[in-house]
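Working notes, structure below.
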Number of protein chains: 4
Amino acid sequence: MTARSGYRIRRRVQFYEVDSAGIVHFSWYFRYMEEAEHALWREAGLSIAPADKAVGFPRMSAAFDYHHPLRFEDEFDVSIRIAAMSDKTIRYTCELTRDDVKIATGTLTVVCVSSTRPGEPMKAVSIPAEIARRFAVEE
Amino acid sequence: MTARSGYRIRRRVQFYEVDSAGIVHFSWYFRYMEEAEHALWREAGLSIAPADKAVGFPRMSAAFDYHHPLRFEDEFDVSIRIAAMSDKTIRYTCELTRDDVKIATGTLTVVCVSSTRPGEPMKAVSIPAEIARRFAVEE
Amino acid sequence: MTARSGYRIRRRVQFYEVDSAGIVHFSWYFRYMEEAEHALWREAGLSIAPADKAVGFPRMSAAFDYHHPLRFEDEFDVSIRIAAMSDKTIRYTCELTRDDVKIATGTLTVVCVSSTRPGEPMKAVSIPAEIARRFAVEE
Amino acid sequence: MTARSGYRIRRRVQFYEVDSAGIVHFSWYFRYMEEAEHALWREAGLSIAPADKAVGFPRMSAAFDYHHPLRFEDEFDVSIRIAAMSDKTIRYTCELTRDDVKIATGTLTVVCVSSTRPGEPMKAVSIPAEIARRFAVEE
């Protein structure tokens, strides 16, 4: 098994993602980035949220810079890469492109927490080895 | 304590709810209806999804008829009423109005199920008495 | 050119579509149905909302019956069919399935309106012939 | 008239905003921030997207750091402030709090563009004086 360091998905803009200015609402880019993240995990043989999960990966920070708009029915690519990993966190970088046009660039940092009962505070823990060994930082 | 049979909330259209035709996307009406349902439950002294829940209320059916559009920053009312209750189900009717204009009318039927572990099928059960007694069908 | 009467898309449940009960929120089914509708239009050589549109297709009514839940990363099919067409309206029926399991059944009725300036009321008009001839009611 | 430099809204977490981990999905914070932005504009006597708009305000960048989660029915505050203004841009900072707990901190930068026909590229322009004079950078 080779550890995965990145992945790319192709996506089409849906009608309900477009706002009254005729462009994709900026909040959707964060969902696009997460779709690519979860596809990367599947490609690595994992689910980020299996039914019997012992750990979860809430988001510590997320950001996007917007360069060009996306419009209804545009097809575009979402490329996500692992930029850094520590004992408890993963940091991704993300790029959206439509053909040769750079649409947006994003970052996302997630932290591993133990699954808790409702009401209990989340507690950061080491990323389990069987997960960590599936991923590698992109050189 | 008087049993509650209906409730009305006031709401303003948010930018991200408006589509490229300049009107609220039809999928949002179902969320508006649910907001009013949950406000009705709070008004009855309940949460529909408390942290320690023993039962849940998934949706069996939902429908809307759309009469007039809503636009960005419109203020409108969402009135929900209990139209019928059975041992395991509640059926609501809902009306959206903006001033004197009838915007849309909806229905929603929910069923009480026991909370299950992930992967187990949901099982319909009687609505617990401490919930049922808080609600009444609107005459 | 053969007129199209139905279409099927395959879809995977995304994380942000799943609610705290671990199942797809009921409002999402209406978006899934619309995704299939727009894919049907593309398959017929059309866009339902081109940049230079002279007409639009707001929703008159929409409904779903929910039979079984969908969970994170489930793959499922959305089949949409044209059940009826009149001079100004199209009525679709829709079925969601996961393998052999019927997940949900829906209906959607849309009306053709002339594109109006902001603030003007929408006015129902005949579906343009170049659109109507691309579609057929499923026998 | 006094120029406005900030505003705070109170908000309750809705069911459809909560993900399967039982916490508000991170994409929603960007919508909360925008709700506060638009409320600030209304407080300043403006709409950010009036029906007859000559300019629009697409987003150049957006970011959030997440400190504590929000759960179903939590009440929280969203405080937005104008941190910087230039001839064509506005930069906001945003803080979400629940009682005394700092939930998240965000930033948002928007640029003024002339409203264009569909398909035309957006062009940055000076913020109209009748808009700019309503806002002030928070000291």
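Starting from 1 in every chain, residues are counted up; chains themselves are A, B, ... following the order of the structure tokens, and ligands are numbered from 1 as listed.
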
TODO: Residues of chain C no more than 8 Å from chain B, counting only C-alpha atoms: send them over as a ChimeraX atom specification.
DONE: /C:21-22,26-28,30-31,56,59-67,118

Keeping only C-alpha atoms, write those residues as a PDB file, in the first residue's frame.
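Final file, out-v2.pdb:
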ATOM      1  CA  ALA C  21     -29.397  11.609  13.561  1.00  0.00           C
ATOM      2  CA  GLY C  22     -26.832  10.218  11.108  1.00  0.00           C
ATOM      3  CA  PHE C  26     -35.051  15.506   4.359  1.00  0.00           C
ATOM      4  CA  SER C  27     -34.552  18.868   2.644  1.00  0.00           C
ATOM      5  CA  TRP C  28     -31.707  17.425   0.590  1.00  0.00           C
ATOM      6  CA  PHE C  30     -35.497  18.046  -3.102  1.00  0.00           C
ATOM      7  CA  ARG C  31     -32.031  19.123  -4.227  1.00  0.00           C
ATOM      8  CA  GLY C  56     -37.544  30.464 -16.227  1.00  0.00           C
ATOM      9  CA  ARG C  59     -41.530  25.355  -8.854  1.00  0.00           C
ATOM     10  CA  MET C  60     -45.302  25.160  -8.259  1.00  0.00           C
ATOM     11  CA  SER C  61     -45.242  22.151  -5.943  1.00  0.00           C
ATOM     12  CA  ALA C  62     -42.845  19.545  -4.604  1.00  0.00           C
ATOM     13  CA  ALA C  63     -43.313  16.502  -2.393  1.00  0.00           C
ATOM     14  CA  PHE C  64     -41.428  13.477  -1.073  1.00  0.00           C
ATOM     15  CA  ASP C  65     -42.365  10.271   0.718  1.00  0.00           C
ATOM     16  CA  TYR C  66     -39.449   8.838   2.689  1.00  0.00           C
ATOM     17  CA  HIS C  67     -39.135   5.048   2.941  1.00  0.00           C
ATOM     18  CA  PRO C 118     -36.493  42.491 -10.379  1.00  0.00           C
TER      19      PRO C 118
END

Moved coordinates, chain C onto chain D, all Cα atoms, as a short mmCIF file (atom, residue, chain, number, x, y, z; two decimals) with C-alpha atoms, in the first residue's frame:
data_model
loop_
_atom_site.label_atom_id
_atom_site.label_comp_id
_atom_site.auth_asym_id
_atom_site.auth_seq_id
_atom_site.Cartn_x
_atom_site.Cartn_y
_atom_site.Cartn_z
CA MET C 1 -26.30 60.13 10.46
CA THR C 2 -23.48 58.33 12.24
CA ALA C 3 -21.36 55.95 10.22
CA ARG C 4 -21.56 52.34 11.44
CA SER C 5 -18.42 50.37 12.23
CA GLY C 6 -19.85 47.16 13.65
CA TYR C 7 -22.96 45.20 14.59
CA ARG C 8 -23.99 42.16 16.58
CA ILE C 9 -26.77 39.69 15.92
CA ARG C 10 -28.13 36.91 18.12
CA ARG C 11 -28.76 33.59 16.46
CA ARG C 12 -29.97 30.11 17.40
CA VAL C 13 -28.48 26.95 15.91
CA GLN C 14 -30.96 25.26 13.58
CA PHE C 15 -31.23 21.49 13.20
CA TYR C 16 -30.14 21.45 9.55
CA GLU C 17 -26.90 23.24 10.46
CA VAL C 18 -25.71 20.41 12.72
CA ASP C 19 -23.70 17.53 11.27
CA SER C 20 -23.50 13.88 12.26
CA ALA C 21 -20.84 14.68 14.89
CA GLY C 22 -23.53 16.71 16.67
CA ILE C 23 -21.85 20.08 16.04
CA VAL C 24 -22.49 22.91 13.59
CA HIS C 25 -20.81 22.15 10.26
CA PHE C 26 -17.85 24.47 9.70
CA SER C 27 -19.26 25.84 6.44
CA TRP C 28 -22.14 27.44 8.34
CA TYR C 29 -19.89 29.90 10.17
CA PHE C 30 -19.30 31.70 6.89
CA ARG C 31 -23.05 32.11 6.46
CA TYR C 32 -23.41 33.34 10.04
CA MET C 33 -20.70 35.94 9.34
CA GLU C 34 -22.50 37.04 6.17
CA GLU C 35 -25.82 37.32 8.04
CA ALA C 36 -24.13 39.74 10.46
CA GLU C 37 -22.58 41.67 7.56
CA HIS C 38 -25.96 42.15 5.90
CA ALA C 39 -27.56 43.14 9.21
CA LEU C 40 -24.79 45.75 9.60
CA TRP C 41 -25.65 47.12 6.16
CA ARG C 42 -29.35 47.29 7.03
CA GLU C 43 -28.44 49.06 10.27
CA ALA C 44 -26.54 51.56 8.14
CA GLY C 45 -29.68 52.13 6.04
CA LEU C 46 -28.53 50.03 3.11
CA SER C 47 -29.14 46.72 1.39
CA ILE C 48 -26.04 44.93 0.09
CA ALA C 49 -28.09 43.59 -2.84
CA PRO C 50 -31.00 45.88 -3.73
CA ALA C 51 -33.21 44.93 -6.68
CA ASP C 52 -31.81 47.77 -8.81
CA LYS C 53 -28.20 47.34 -7.81
CA ALA C 54 -25.45 49.07 -9.82
CA VAL C 55 -22.63 47.44 -7.85
CA GLY C 56 -22.07 44.13 -6.09
CA PHE C 57 -19.71 42.94 -3.36
CA PRO C 58 -18.24 39.52 -4.14
CA ARG C 59 -15.90 37.95 -1.61
CA MET C 60 -12.11 38.07 -2.12
CA SER C 61 -11.18 35.98 0.92
CA ALA C 62 -12.77 34.41 3.97
CA ALA C 63 -11.34 32.53 6.94
CA PHE C 64 -12.36 31.09 10.31
CA ASP C 65 -10.53 29.72 13.33
CA TYR C 66 -12.71 27.35 15.35
CA HIS C 67 -12.28 27.30 19.14
CA HIS C 68 -15.36 25.57 20.59
CA PRO C 69 -18.27 23.79 18.91
CA LEU C 70 -21.89 24.93 18.69
CA ARG C 71 -24.70 22.42 19.21
CA PHE C 72 -28.41 22.19 18.31
CA GLU C 73 -30.50 25.03 19.77
CA ASP C 74 -27.47 26.86 21.22
CA GLU C 75 -27.96 30.62 21.26
CA PHE C 76 -24.92 32.62 20.27
CA ASP C 77 -23.83 36.08 19.15
CA VAL C 78 -22.16 37.06 15.91
CA SER C 79 -20.23 40.35 16.16
CA ILE C 80 -18.89 41.87 12.97
CA ARG C 81 -16.62 44.91 12.74
CA ILE C 82 -15.09 46.87 9.91
CA ALA C 83 -11.34 46.42 10.34
CA ALA C 84 -10.24 48.24 7.18
CA MET C 85 -11.67 50.05 4.16
CA SER C 86 -9.93 51.04 0.94
CA ASP C 87 -11.24 52.68 -2.21
CA LYS C 88 -12.61 49.37 -3.50
CA THR C 89 -12.57 46.92 -0.60
CA ILE C 90 -13.92 46.35 2.92
CA ARG C 91 -12.31 44.00 5.41
CA TYR C 92 -14.37 42.69 8.32
CA THR C 93 -13.42 40.78 11.43
CA CYS C 94 -15.98 38.61 13.16
CA GLU C 95 -16.31 36.90 16.53
CA LEU C 96 -18.81 34.25 17.57
CA THR C 97 -19.49 33.85 21.26
CA ARG C 98 -21.88 31.77 23.38
CA ASP C 99 -22.22 33.50 26.73
CA ASP C 100 -18.58 34.02 27.76
CA VAL C 101 -17.15 31.32 25.52
CA LYS C 102 -15.32 32.40 22.38
CA ILE C 103 -16.59 30.01 19.73
CA ALA C 104 -14.78 31.19 16.59
CA THR C 105 -13.07 34.18 14.97
CA GLY C 106 -13.28 35.04 11.30
CA THR C 107 -12.29 37.51 8.63
CA LEU C 108 -13.94 38.48 5.36
CA THR C 109 -12.73 40.78 2.59
CA VAL C 110 -15.13 41.98 -0.09
CA VAL C 111 -14.54 44.02 -3.23
CA CYS C 112 -16.88 46.41 -4.99
CA VAL C 113 -17.60 45.46 -8.62
CA SER C 114 -19.83 46.95 -11.25
CA SER C 115 -22.87 44.80 -11.97
CA THR C 116 -22.30 43.06 -15.22
CA ARG C 117 -24.36 41.17 -17.72
CA PRO C 118 -24.15 37.40 -17.51
CA GLY C 119 -20.92 36.15 -19.04
CA GLU C 120 -19.05 39.44 -18.72
CA PRO C 121 -16.09 39.51 -16.32
CA MET C 122 -16.58 41.37 -13.02
CA LYS C 123 -14.68 44.69 -12.79
CA ALA C 124 -13.53 46.24 -9.52
CA VAL C 125 -14.74 49.82 -9.05
CA SER C 126 -14.65 52.44 -6.30
CA ILE C 127 -17.22 51.95 -3.56
CA PRO C 128 -19.92 54.57 -4.31
CA ALA C 129 -19.69 57.55 -1.95
CA GLU C 130 -23.29 57.09 -0.75
CA ILE C 131 -22.29 53.66 0.51
CA ALA C 132 -18.77 54.44 1.79
CA ARG C 133 -19.93 57.37 3.93
CA ARG C 134 -22.27 55.08 5.91
CA PHE C 135 -19.38 52.99 7.23
CA ALA C 136 -16.34 53.68 9.37
CA VAL C 137 -13.37 51.61 10.48
CA GLU C 138 -13.70 50.63 14.12
CA GLU C 139 -11.11 52.45 16.22
#

Task: Test item, alpha helix (DSSP H) assignment across chain B, answer as a list in words - done: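 Alpha helix (DSSP H) assignments inside chain B correspond to Trp28, Tyr29, Phe30, Arg31, Tyr32, Met33, Glu34, Glu35, Ala36, Glu37, His38, Ala39, Leu40, Trp41, Arg42, Glu43, Ala129, Glu130, Ile131 and Ala132 of chain B.
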